[in-house]
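Shown next: coords-v2.cif, given as mmCIF, C-alpha atoms.
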data_work
#
loop_
_atom_site.group_PDB
_atom_site.id
_atom_site.type_symbol
_atom_site.label_atom_id
_atom_site.label_comp_id
_atom_site.auth_asym_id
_atom_site.auth_seq_id
_atom_site.Cartn_x
_atom_site.Cartn_y
_atom_site.Cartn_z
ATOM 1 C CA MET A 1 63.703 0.808 -66.093
ATOM 2 C CA ILE A 2 66.062 2.256 -63.473
ATOM 3 C CA ARG A 3 68.328 -0.409 -62.106
ATOM 4 C CA SER A 4 68.611 -0.934 -58.335
ATOM 5 C CA GLY A 5 71.285 1.283 -56.793
ATOM 6 C CA TRP A 6 71.486 3.510 -59.881
ATOM 7 C CA ARG A 7 70.141 7.044 -60.081
ATOM 8 C CA ALA A 8 69.098 8.790 -63.266
ATOM 9 C CA SER A 9 71.101 11.810 -64.359
ATOM 10 C CA PRO A 10 69.434 15.250 -64.334
ATOM 11 C CA GLY A 11 69.094 15.130 -68.121
ATOM 12 C CA GLU A 12 67.352 11.737 -68.052
ATOM 13 C CA PHE A 13 65.056 12.910 -65.249
ATOM 14 C CA VAL A 14 64.018 15.978 -67.268
ATOM 15 C CA LEU A 15 63.449 13.868 -70.393
ATOM 16 C CA ARG A 16 61.247 11.421 -68.513
ATOM 17 C CA ALA A 17 59.307 14.245 -66.919
ATOM 18 C CA ILE A 18 58.684 15.777 -70.355
ATOM 19 C CA ASN A 19 57.568 12.390 -71.718
ATOM 20 C CA VAL A 20 55.121 11.974 -68.839
ATOM 21 C CA LEU A 21 53.704 15.457 -69.354
ATOM 22 C CA VAL A 22 53.339 15.031 -73.120
ATOM 23 C CA MET A 23 51.718 11.600 -72.844
ATOM 24 C CA SER A 24 49.399 12.828 -70.094
ATOM 25 C CA PHE A 25 48.339 15.713 -72.340
ATOM 26 C CA VAL A 26 47.691 13.319 -75.239
ATOM 27 C CA VAL A 27 45.609 11.046 -72.994
ATOM 28 C CA VAL A 28 43.519 13.959 -71.704
ATOM 29 C CA VAL A 29 42.935 15.387 -75.180
ATOM 30 C CA THR A 30 41.967 11.943 -76.501
ATOM 31 C CA LEU A 31 39.644 10.929 -73.670
ATOM 32 C CA TYR A 32 37.965 14.268 -72.943
ATOM 33 C CA PRO A 33 35.479 14.138 -75.883
ATOM 34 C CA PHE A 34 34.251 10.741 -74.648
ATOM 35 C CA TRP A 35 34.032 11.997 -71.076
ATOM 36 C CA TYR A 36 32.160 15.119 -72.198
ATOM 37 C CA ILE A 37 29.579 13.049 -74.088
ATOM 38 C CA PHE A 38 29.144 10.721 -71.111
ATOM 39 C CA VAL A 39 28.758 13.548 -68.586
ATOM 40 C CA ALA A 40 26.476 15.609 -70.816
ATOM 41 C CA SER A 41 24.199 12.636 -71.494
ATOM 42 C CA PHE A 42 23.439 12.371 -67.757
ATOM 43 C CA SER A 43 23.117 16.134 -67.199
ATOM 44 C CA ASP A 44 20.173 18.475 -67.281
ATOM 45 C CA PRO A 45 19.729 19.517 -70.943
ATOM 46 C CA TYR A 46 19.213 23.188 -70.150
ATOM 47 C CA GLU A 47 22.314 23.273 -67.936
ATOM 48 C CA VAL A 48 24.346 21.672 -70.727
ATOM 49 C CA VAL A 49 23.297 24.394 -73.161
ATOM 50 C CA ARG A 50 24.068 27.151 -70.658
ATOM 51 C CA THR A 51 27.534 25.752 -69.971
ATOM 52 C CA SER A 52 30.250 27.263 -72.117
ATOM 53 C CA GLY A 53 33.759 25.860 -72.346
ATOM 54 C CA LEU A 54 34.882 22.676 -70.645
ATOM 55 C CA MET A 55 32.455 20.520 -68.681
ATOM 56 C CA ILE A 56 34.228 18.258 -66.208
ATOM 57 C CA TRP A 57 31.331 17.007 -64.088
ATOM 58 C CA PHE A 58 27.570 16.441 -64.259
ATOM 59 C CA LYS A 59 25.318 19.486 -64.455
ATOM 60 C CA GLY A 60 22.169 18.501 -62.606
ATOM 61 C CA PHE A 61 22.039 14.697 -62.855
ATOM 62 C CA ASP A 62 19.141 13.690 -65.125
ATOM 63 C CA LEU A 63 18.143 10.385 -66.796
ATOM 64 C CA TYR A 64 15.512 11.923 -69.047
ATOM 65 C CA ALA A 65 17.574 11.549 -72.231
ATOM 66 C CA TYR A 66 18.170 7.835 -71.624
ATOM 67 C CA LYS A 67 14.486 7.230 -70.883
ATOM 68 C CA GLU A 68 13.538 8.806 -74.184
ATOM 69 C CA VAL A 69 16.200 6.914 -76.131
ATOM 70 C CA LEU A 70 15.262 3.533 -74.679
ATOM 71 C CA ARG A 71 11.546 3.984 -75.331
ATOM 72 C CA HIS A 72 11.946 5.114 -78.938
ATOM 73 C CA ARG A 73 9.861 2.936 -81.239
ATOM 74 C CA LEU A 74 12.785 1.905 -83.473
ATOM 75 C CA PHE A 75 15.654 1.854 -80.992
ATOM 76 C CA TRP A 76 15.320 -1.702 -79.691
ATOM 77 C CA THR A 77 14.322 -2.959 -83.139
ATOM 78 C CA SER A 78 17.440 -1.445 -84.678
ATOM 79 C CA TYR A 79 19.539 -2.793 -81.806
ATOM 80 C CA ARG A 80 18.244 -6.293 -82.499
ATOM 81 C CA ASN A 81 18.811 -5.845 -86.232
ATOM 82 C CA THR A 82 22.415 -4.798 -85.651
ATOM 83 C CA LEU A 83 23.037 -7.832 -83.449
ATOM 84 C CA VAL A 84 21.623 -10.089 -86.175
ATOM 85 C CA TYR A 85 23.771 -8.370 -88.817
ATOM 86 C CA LEU A 86 26.792 -8.609 -86.532
ATOM 87 C CA VAL A 87 26.516 -12.316 -85.737
ATOM 88 C CA SER A 88 25.601 -13.316 -89.290
ATOM 89 C CA GLY A 89 28.228 -11.034 -90.779
ATOM 90 C CA LEU A 90 30.988 -12.297 -88.486
ATOM 91 C CA ILE A 91 30.222 -15.898 -89.421
ATOM 92 C CA VAL A 92 30.366 -15.095 -93.144
ATOM 93 C CA ASN A 93 33.332 -12.707 -92.893
ATOM 94 C CA MET A 94 35.531 -14.915 -90.733
ATOM 95 C CA THR A 95 34.693 -18.120 -92.622
ATOM 96 C CA MET A 96 35.341 -16.658 -96.075
ATOM 97 C CA THR A 97 38.412 -14.664 -95.052
ATOM 98 C CA THR A 98 39.994 -17.560 -93.162
ATOM 99 C CA LEU A 99 39.453 -20.079 -95.950
ATOM 100 C CA ALA A 100 40.699 -17.691 -98.644
ATOM 101 C CA ALA A 101 43.731 -16.628 -96.596
ATOM 102 C CA TYR A 102 44.660 -20.220 -95.788
ATOM 103 C CA ALA A 103 44.400 -21.340 -99.409
ATOM 104 C CA LEU A 104 46.454 -18.393 -100.666
ATOM 105 C CA SER A 105 49.127 -18.980 -98.024
ATOM 106 C CA ARG A 106 49.875 -22.540 -99.176
ATOM 107 C CA ARG A 107 53.057 -22.822 -101.208
ATOM 108 C CA ASN A 108 51.793 -25.624 -103.420
ATOM 109 C CA ILE A 109 48.789 -23.729 -104.795
ATOM 110 C CA LYS A 110 49.273 -22.936 -108.479
ATOM 111 C CA GLY A 111 48.385 -19.474 -109.715
ATOM 112 C CA LYS A 112 48.076 -17.951 -106.251
ATOM 113 C CA GLY A 113 50.364 -15.082 -107.270
ATOM 114 C CA VAL A 114 47.988 -14.040 -110.046
ATOM 115 C CA ILE A 115 44.982 -14.437 -107.760
ATOM 116 C CA MET A 116 46.605 -12.246 -105.098
ATOM 117 C CA LYS A 117 47.373 -9.552 -107.670
ATOM 118 C CA ILE A 118 43.729 -9.557 -108.751
ATOM 119 C CA ILE A 119 42.566 -9.350 -105.127
ATOM 120 C CA VAL A 120 44.985 -6.520 -104.296
ATOM 121 C CA PHE A 121 43.810 -4.685 -107.424
ATOM 122 C CA THR A 122 40.345 -4.407 -105.840
ATOM 123 C CA MET A 123 41.839 -2.383 -102.972
ATOM 124 C CA PHE A 124 42.625 0.478 -105.348
ATOM 125 C CA PHE A 125 39.997 0.115 -108.084
ATOM 126 C CA SER A 126 36.389 -0.943 -107.704
ATOM 127 C CA GLY A 127 33.238 -0.848 -109.761
ATOM 128 C CA GLY A 128 31.767 1.937 -107.650
ATOM 129 C CA LEU A 129 28.523 2.332 -105.790
ATOM 130 C CA ILE A 130 26.087 2.199 -108.720
ATOM 131 C CA PRO A 131 27.399 -1.050 -110.286
ATOM 132 C CA THR A 132 27.535 -2.625 -106.824
ATOM 133 C CA TYR A 133 23.960 -1.604 -106.115
ATOM 134 C CA ILE A 134 22.825 -3.022 -109.467
ATOM 135 C CA VAL A 135 24.477 -6.352 -108.677
ATOM 136 C CA VAL A 136 22.916 -6.484 -105.199
ATOM 137 C CA ASP A 137 19.512 -5.533 -106.610
ATOM 138 C CA ASN A 138 19.711 -8.142 -109.397
ATOM 139 C CA LEU A 139 20.462 -10.754 -106.754
ATOM 140 C CA HIS A 140 17.246 -9.659 -104.982
ATOM 141 C CA MET A 141 19.105 -8.778 -101.791
ATOM 142 C CA THR A 142 17.979 -5.157 -101.455
ATOM 143 C CA ASP A 143 15.842 -4.517 -98.366
ATOM 144 C CA THR A 144 16.990 -7.835 -96.863
ATOM 145 C CA MET A 145 19.449 -8.679 -94.114
ATOM 146 C CA TRP A 146 21.705 -10.363 -96.685
ATOM 147 C CA SER A 147 22.588 -6.993 -98.198
ATOM 148 C CA GLN A 148 24.333 -5.991 -94.977
ATOM 149 C CA PHE A 149 27.102 -8.593 -95.088
ATOM 150 C CA VAL A 150 27.086 -10.836 -98.179
ATOM 151 C CA PRO A 151 28.404 -8.126 -100.582
ATOM 152 C CA PHE A 152 31.099 -7.348 -97.988
ATOM 153 C CA ALA A 153 32.087 -10.930 -97.190
ATOM 154 C CA ILE A 154 35.848 -10.385 -97.535
ATOM 155 C CA ASN A 155 37.860 -7.289 -96.730
ATOM 156 C CA THR A 156 41.049 -7.328 -98.802
ATOM 157 C CA PHE A 157 43.165 -5.706 -96.100
ATOM 158 C CA ASN A 158 42.054 -8.276 -93.517
ATOM 159 C CA LEU A 159 42.682 -11.079 -95.994
ATOM 160 C CA ILE A 160 46.274 -9.946 -96.538
ATOM 161 C CA ILE A 161 46.974 -9.706 -92.800
ATOM 162 C CA LEU A 162 45.582 -13.185 -92.127
ATOM 163 C CA ARG A 163 47.364 -14.696 -95.128
ATOM 164 C CA THR A 164 50.669 -13.273 -93.914
ATOM 165 C CA ALA A 165 50.041 -14.690 -90.436
ATOM 166 C CA PHE A 166 49.447 -18.144 -91.926
ATOM 167 C CA GLN A 167 52.627 -17.855 -93.983
ATOM 168 C CA ALA A 168 54.634 -17.088 -90.821
ATOM 169 C CA ILE A 169 53.881 -20.559 -89.419
ATOM 170 C CA PRO A 170 56.902 -22.856 -90.052
ATOM 171 C CA ASP A 171 56.392 -25.559 -92.680
ATOM 172 C CA SER A 172 58.049 -28.113 -90.410
ATOM 173 C CA ILE A 173 55.090 -28.041 -87.998
ATOM 174 C CA GLU A 174 52.615 -28.850 -90.748
ATOM 175 C CA GLU A 175 54.894 -31.468 -92.279
ATOM 176 C CA ALA A 176 55.209 -33.214 -88.922
ATOM 177 C CA ALA A 177 51.419 -33.284 -88.566
ATOM 178 C CA ILE A 178 51.003 -34.716 -92.073
ATOM 179 C CA ILE A 179 53.593 -37.433 -91.339
ATOM 180 C CA ASP A 180 51.549 -38.335 -88.250
ATOM 181 C CA GLY A 181 48.540 -38.876 -90.525
ATOM 182 C CA ALA A 182 46.699 -35.557 -90.225
ATOM 183 C CA SER A 183 44.581 -34.509 -93.183
ATOM 184 C CA ALA A 184 44.655 -31.031 -94.743
ATOM 185 C CA ALA A 185 41.525 -30.056 -92.820
ATOM 186 C CA GLN A 186 42.982 -31.312 -89.545
ATOM 187 C CA VAL A 187 46.209 -29.389 -90.152
ATOM 188 C CA MET A 188 44.216 -26.217 -90.671
ATOM 189 C CA VAL A 189 41.857 -26.638 -87.698
ATOM 190 C CA ARG A 190 44.260 -28.138 -85.153
ATOM 191 C CA ILE A 191 47.585 -26.599 -86.134
ATOM 192 C CA VAL A 192 47.279 -23.435 -88.216
ATOM 193 C CA LEU A 193 44.242 -21.760 -86.640
ATOM 194 C CA PRO A 194 45.409 -22.088 -83.004
ATOM 195 C CA LEU A 195 48.862 -20.736 -83.884
ATOM 196 C CA ALA A 196 47.323 -17.797 -85.752
ATOM 197 C CA LEU A 197 44.711 -17.082 -83.054
ATOM 198 C CA PRO A 198 45.994 -13.563 -82.216
ATOM 199 C CA SER A 199 45.663 -12.461 -85.847
ATOM 200 C CA ILE A 200 42.263 -14.129 -86.153
ATOM 201 C CA MET A 201 41.007 -12.287 -83.065
ATOM 202 C CA VAL A 202 42.276 -8.976 -84.449
ATOM 203 C CA ILE A 203 40.546 -9.581 -87.782
ATOM 204 C CA GLY A 204 37.369 -10.461 -85.887
ATOM 205 C CA LEU A 205 37.625 -7.152 -84.010
ATOM 206 C CA TYR A 206 38.084 -5.278 -87.293
ATOM 207 C CA TYR A 207 34.976 -6.890 -88.761
ATOM 208 C CA THR A 208 33.001 -6.296 -85.557
ATOM 209 C CA GLU A 209 33.752 -2.575 -85.577
ATOM 210 C CA GLU A 210 33.049 -2.362 -89.304
ATOM 211 C CA ILE A 211 29.626 -3.969 -88.995
ATOM 212 C CA TRP A 212 28.632 -2.286 -85.726
ATOM 213 C CA ASN A 213 29.557 1.217 -86.909
ATOM 214 C CA SER A 214 28.138 0.871 -90.404
ATOM 215 C CA PHE A 215 25.202 3.066 -91.383
ATOM 216 C CA PHE A 216 25.940 3.518 -95.097
ATOM 217 C CA ARG A 217 25.015 -0.074 -95.969
ATOM 218 C CA GLY A 218 21.605 0.337 -94.375
ATOM 219 C CA LEU A 219 21.150 3.741 -95.960
ATOM 220 C CA ILE A 220 21.774 2.354 -99.458
ATOM 221 C CA TYR A 221 20.262 -1.118 -99.377
ATOM 222 C CA ILE A 222 17.510 -1.024 -96.689
ATOM 223 C CA ARG A 223 14.177 0.625 -97.426
ATOM 224 C CA THR A 224 12.017 -0.575 -94.525
ATOM 225 C CA ASP A 225 12.655 1.331 -91.300
ATOM 226 C CA THR A 226 12.029 -1.774 -89.166
ATOM 227 C CA LYS A 227 15.145 -3.321 -90.751
ATOM 228 C CA TYR A 228 17.400 -0.325 -90.085
ATOM 229 C CA PRO A 229 20.656 -0.962 -88.187
ATOM 230 C CA LEU A 230 21.288 0.940 -84.979
ATOM 231 C CA GLN A 231 23.795 3.355 -86.509
ATOM 232 C CA LEU A 232 21.270 4.511 -89.096
ATOM 233 C CA ILE A 233 18.847 5.424 -86.309
ATOM 234 C CA LEU A 234 21.705 7.179 -84.543
ATOM 235 C CA ARG A 235 22.463 9.112 -87.723
ATOM 236 C CA GLN A 236 18.872 10.260 -87.950
ATOM 237 C CA VAL A 237 18.974 11.454 -84.361
ATOM 238 C CA LEU A 238 22.200 13.350 -84.903
ATOM 239 C CA LEU A 239 20.845 15.081 -88.012
ATOM 240 C CA SER A 240 17.381 15.969 -86.816
ATOM 241 C CA ASN A 241 17.483 16.380 -83.010
ATOM 242 C CA VAL A 242 14.312 14.312 -82.866
ATOM 243 C CA MET A 243 13.674 10.623 -82.291
ATOM 244 C CA GLY A 244 10.594 10.408 -84.493
ATOM 245 C CA GLN A 245 8.140 12.539 -86.418
ATOM 246 C CA SER A 246 5.414 12.012 -83.817
ATOM 247 C CA ASP A 247 7.566 12.600 -80.739
ATOM 248 C CA GLN A 248 6.548 16.148 -79.837
ATOM 249 C CA SER A 249 8.762 16.218 -76.748
ATOM 250 C CA PHE A 250 11.836 16.422 -78.948
ATOM 251 C CA VAL A 251 10.880 19.665 -80.592
ATOM 252 C CA ASP A 252 12.964 21.303 -77.860
ATOM 253 C CA THR A 253 16.513 21.585 -79.227
ATOM 254 C CA ASN A 254 18.003 21.601 -75.731
ATOM 255 C CA ILE A 255 16.526 18.208 -74.918
ATOM 256 C CA GLY A 256 17.505 16.882 -78.336
ATOM 257 C CA GLN A 257 21.124 17.740 -77.589
ATOM 258 C CA THR A 258 21.348 15.427 -74.560
ATOM 259 C CA VAL A 259 19.369 12.767 -76.416
ATOM 260 C CA LYS A 260 22.088 12.690 -79.060
ATOM 261 C CA TYR A 261 24.720 12.192 -76.387
ATOM 262 C CA ALA A 262 22.714 9.430 -74.716
ATOM 263 C CA THR A 263 22.254 7.643 -78.028
ATOM 264 C CA ILE A 264 25.994 7.749 -78.698
ATOM 265 C CA VAL A 265 26.751 6.279 -75.265
ATOM 266 C CA VAL A 266 24.210 3.468 -75.600
ATOM 267 C CA SER A 267 25.352 2.510 -79.105
ATOM 268 C CA THR A 268 29.064 2.632 -78.244
ATOM 269 C CA LEU A 269 28.917 0.765 -74.941
ATOM 270 C CA PRO A 270 28.857 -2.814 -76.347
ATOM 271 C CA VAL A 271 32.058 -2.305 -78.366
ATOM 272 C CA LEU A 272 33.787 -0.737 -75.361
ATOM 273 C CA MET A 273 32.836 -3.779 -73.278
ATOM 274 C CA VAL A 274 34.177 -6.276 -75.814
ATOM 275 C CA TYR A 275 37.441 -4.522 -76.634
ATOM 276 C CA PRO A 276 39.277 -5.185 -73.289
ATOM 277 C CA PHE A 277 38.932 -8.944 -73.812
ATOM 278 C CA ILE A 278 40.528 -8.769 -77.276
ATOM 279 C CA GLN A 279 43.110 -6.082 -76.554
ATOM 280 C CA LYS A 280 45.748 -8.603 -75.452
ATOM 281 C CA TYR A 281 45.691 -10.127 -78.948
ATOM 282 C CA PHE A 282 45.768 -6.806 -80.778
ATOM 283 C CA VAL A 283 49.445 -5.837 -80.941
ATOM 284 C CA LYS A 284 50.672 -9.414 -81.257
ATOM 285 C CA GLY A 285 48.149 -10.227 -83.981
ATOM 286 C CA VAL A 286 48.989 -7.212 -86.117
ATOM 287 C CA MET A 287 52.746 -7.799 -85.738
ATOM 288 C CA ILE A 288 52.446 -11.444 -86.756
ATOM 289 C CA GLY A 289 50.426 -10.402 -89.784
ATOM 290 C CA SER A 290 53.087 -7.930 -90.890
ATOM 291 C CA ILE A 291 56.235 -10.057 -90.718
ATOM 292 C CA LYS A 292 56.162 -11.153 -94.332
ATOM 293 C CA GLY A 293 54.855 -9.535 -97.481
#
Produce structure tokens that represent the structure in this file.
Amino acid sequence: MIRSGWRASPGEFVLRAINVLVMSFVVVVTLYPFWYIFVASFSDPYEVVRTSGLMIWFKGFDLYAYKEVLRHRLFWTSYRNTLVYLVSGLIVNMTMTTLAAYALSRRNIKGKGVIMKIIVFTMFFSGGLIPTYIVVDNLHMTDTMWSQFVPFAINTFNLIILRTAFQAIPDSIEEAAIIDGASAAQVMVRIVLPLALPSIMVIGLYYTEEIWNSFFRGLIYIRTDTKYPLQLILRQVLLSNVMGQSDQSFVDTNIGQTVKYATIVVSTLPVLMVYPFIQKYFVKGVMIGSIKG
């Protein structure tokens, strides 16, 4: 900041001007694809196809694409499925990750070093898709909602971040609570979790984005189309330009183009609405989780 009564030198002024220009360029380049999709989804499909180059504003305002997306036979079903997968998955993910991270962060746990090495090993080497599918199938979870989050209960990267955040909490705080008569569960719920809230919120955001944007899990483990997640329906739309085999109105490629844009907007909107409420925890949570190794 420029102090009161002090003027920047010509060199500093030029440097700041260059920084503003560069950052403005980065912002425009980053946001324009989202703006293009948003504008094109509300535009006339034939005008969108005729437009070459940049499109800054609406080309013949039209809600046809959104009407077709919202009345698709599997859209609302897949939306509901994704919400079910999201809520159920967050409960499982956050519960398992928090408990595992807390246990592995305690200094009096024997063998935690070996356990952590085994867990970290899974980040670099895994059984692969086929062995994982065989395990899920033998557990009779294929074509069920359980296949969308139980095999992915703990993300190793998230576990390490949360464990490090728990380790950053001073031992003296926990010792004082124990002297006052708090049990191990009370120390965790009333002391550790509130102090690590920023990291917990960040991990929750990571899991939310992972579940919401996932289509591969549904593609591999779900066979019934009424159980498809939203992103799998979106993938089908993006690949085929049609919303269903019986929807003759989507034979027109021009209309299918704006339908794809409308589907992207509708499926992305919930995450964009949630993110501003968690953003304040993001930087602080990641920094806390990276203080110690």
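Computed from the coordinates, the CA of Gly111 in chain A to CA of Ala185 in chain A distance equals 21.1 Å.
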- Task: Carefully work through the PyMOL selection byres ((chain A and resi 64) around 9) for this structure and note down the residues it includes, as a list in words.
- Result: Phe42, Ser43, Asp44, Pro45, Asp62, Leu63, Ala65, Tyr66, Lys67, Glu68, Val69, Ile255, Thr258 and Val259 of chain A
- Message: Since I can't run it myself right now, could you work out what the PyMOL selection byres ((chain A and resi 77-83) around 12) selects here and report it as a PyMOL selection string?
- Response: chain A and resi 69-76+84-90+144-146+148-149+208-215+217-218+222+224-234+263+266-268+270-271
Those same residues - C-alpha atoms - I'd like them written as a tab-separated table (two decimals), keeping the file's coordinate frame.
chain	number	residue	atom	x	y	z
A	69	VAL	CA	16.20	6.91	-76.13
A	70	LEU	CA	15.26	3.53	-74.68
A	71	ARG	CA	11.55	3.98	-75.33
A	72	HIS	CA	11.95	5.11	-78.94
A	73	ARG	CA	9.86	2.94	-81.24
A	74	LEU	CA	12.78	1.90	-83.47
A	75	PHE	CA	15.65	1.85	-80.99
A	76	TRP	CA	15.32	-1.70	-79.69
A	84	VAL	CA	21.62	-10.09	-86.18
A	85	TYR	CA	23.77	-8.37	-88.82
A	86	LEU	CA	26.79	-8.61	-86.53
A	87	VAL	CA	26.52	-12.32	-85.74
A	88	SER	CA	25.60	-13.32	-89.29
A	89	GLY	CA	28.23	-11.03	-90.78
A	90	LEU	CA	30.99	-12.30	-88.49
A	144	THR	CA	16.99	-7.84	-96.86
A	145	MET	CA	19.45	-8.68	-94.11
A	146	TRP	CA	21.70	-10.36	-96.68
A	148	GLN	CA	24.33	-5.99	-94.98
A	149	PHE	CA	27.10	-8.59	-95.09
A	208	THR	CA	33.00	-6.30	-85.56
A	209	GLU	CA	33.75	-2.58	-85.58
A	210	GLU	CA	33.05	-2.36	-89.30
A	211	ILE	CA	29.63	-3.97	-89.00
A	212	TRP	CA	28.63	-2.29	-85.73
A	213	ASN	CA	29.56	1.22	-86.91
A	214	SER	CA	28.14	0.87	-90.40
A	215	PHE	CA	25.20	3.07	-91.38
A	217	ARG	CA	25.02	-0.07	-95.97
A	218	GLY	CA	21.60	0.34	-94.38
A	222	ILE	CA	17.51	-1.02	-96.69
A	224	THR	CA	12.02	-0.57	-94.52
A	225	ASP	CA	12.66	1.33	-91.30
A	226	THR	CA	12.03	-1.77	-89.17
A	227	LYS	CA	15.14	-3.32	-90.75
A	228	TYR	CA	17.40	-0.32	-90.08
A	229	PRO	CA	20.66	-0.96	-88.19
A	230	LEU	CA	21.29	0.94	-84.98
A	231	GLN	CA	23.80	3.36	-86.51
A	232	LEU	CA	21.27	4.51	-89.10
A	233	ILE	CA	18.85	5.42	-86.31
A	234	LEU	CA	21.70	7.18	-84.54
A	263	THR	CA	22.25	7.64	-78.03
A	266	VAL	CA	24.21	3.47	-75.60
A	267	SER	CA	25.35	2.51	-79.10
A	268	THR	CA	29.06	2.63	-78.24
A	270	PRO	CA	28.86	-2.81	-76.35
A	271	VAL	CA	32.06	-2.31	-78.37
- Write out as a ChimeraX atom specification each polymer residue whose atoms come within 12 Å of range 117-119 of chain A, counting all atoms listed in the file; drop sequence neighbours fewer than 6 positions from it. /A:100-101,104,111,125-126,154-160
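Atom to atom, CA of Ser24 in chain A and CA of Ala40 in chain A stand 23.1 Å apart.
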- Query: So what do you get for CA of Asp171 in chain A versus CA of Ile91 in chain A, distance-wise?
  - Reply: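 It comes out at 28.1 Å.
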- Item | Among the residues A:Tyr102, A:Met141, A:Leu272, A:Ala153, the one that comes closest to Ile191 in chain A [using all atoms listed in the file] | A:Tyr102
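In terms of minimum interatomic distance to Leu205 in chain A, A:Asn93 ranks closest within A:Lys260, A:Ile134, A:Asn93, A:Arg107, counting all atoms listed in the file.
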Please evaluate the PyMOL selection byres ((chain A and resi 173) around 12) against the structure above and give the resulting residues as a compact mmCIF listing (two decimals) with C-alpha atoms, in the coordinates of the input.
# COMPACT_ATOMS: atom_id res chain seq x y z
CA ALA A 168 54.63 -17.09 -90.82
CA ILE A 169 53.88 -20.56 -89.42
CA PRO A 170 56.90 -22.86 -90.05
CA ASP A 171 56.39 -25.56 -92.68
CA SER A 172 58.05 -28.11 -90.41
CA GLU A 174 52.62 -28.85 -90.75
CA GLU A 175 54.89 -31.47 -92.28
CA ALA A 176 55.21 -33.21 -88.92
CA ALA A 177 51.42 -33.28 -88.57
CA ILE A 178 51.00 -34.72 -92.07
CA ILE A 179 53.59 -37.43 -91.34
CA ASP A 180 51.55 -38.34 -88.25
CA ALA A 182 46.70 -35.56 -90.22
CA VAL A 187 46.21 -29.39 -90.15
CA MET A 188 44.22 -26.22 -90.67
CA ARG A 190 44.26 -28.14 -85.15
CA ILE A 191 47.58 -26.60 -86.13
CA VAL A 192 47.28 -23.44 -88.22
CA LEU A 195 48.86 -20.74 -83.88
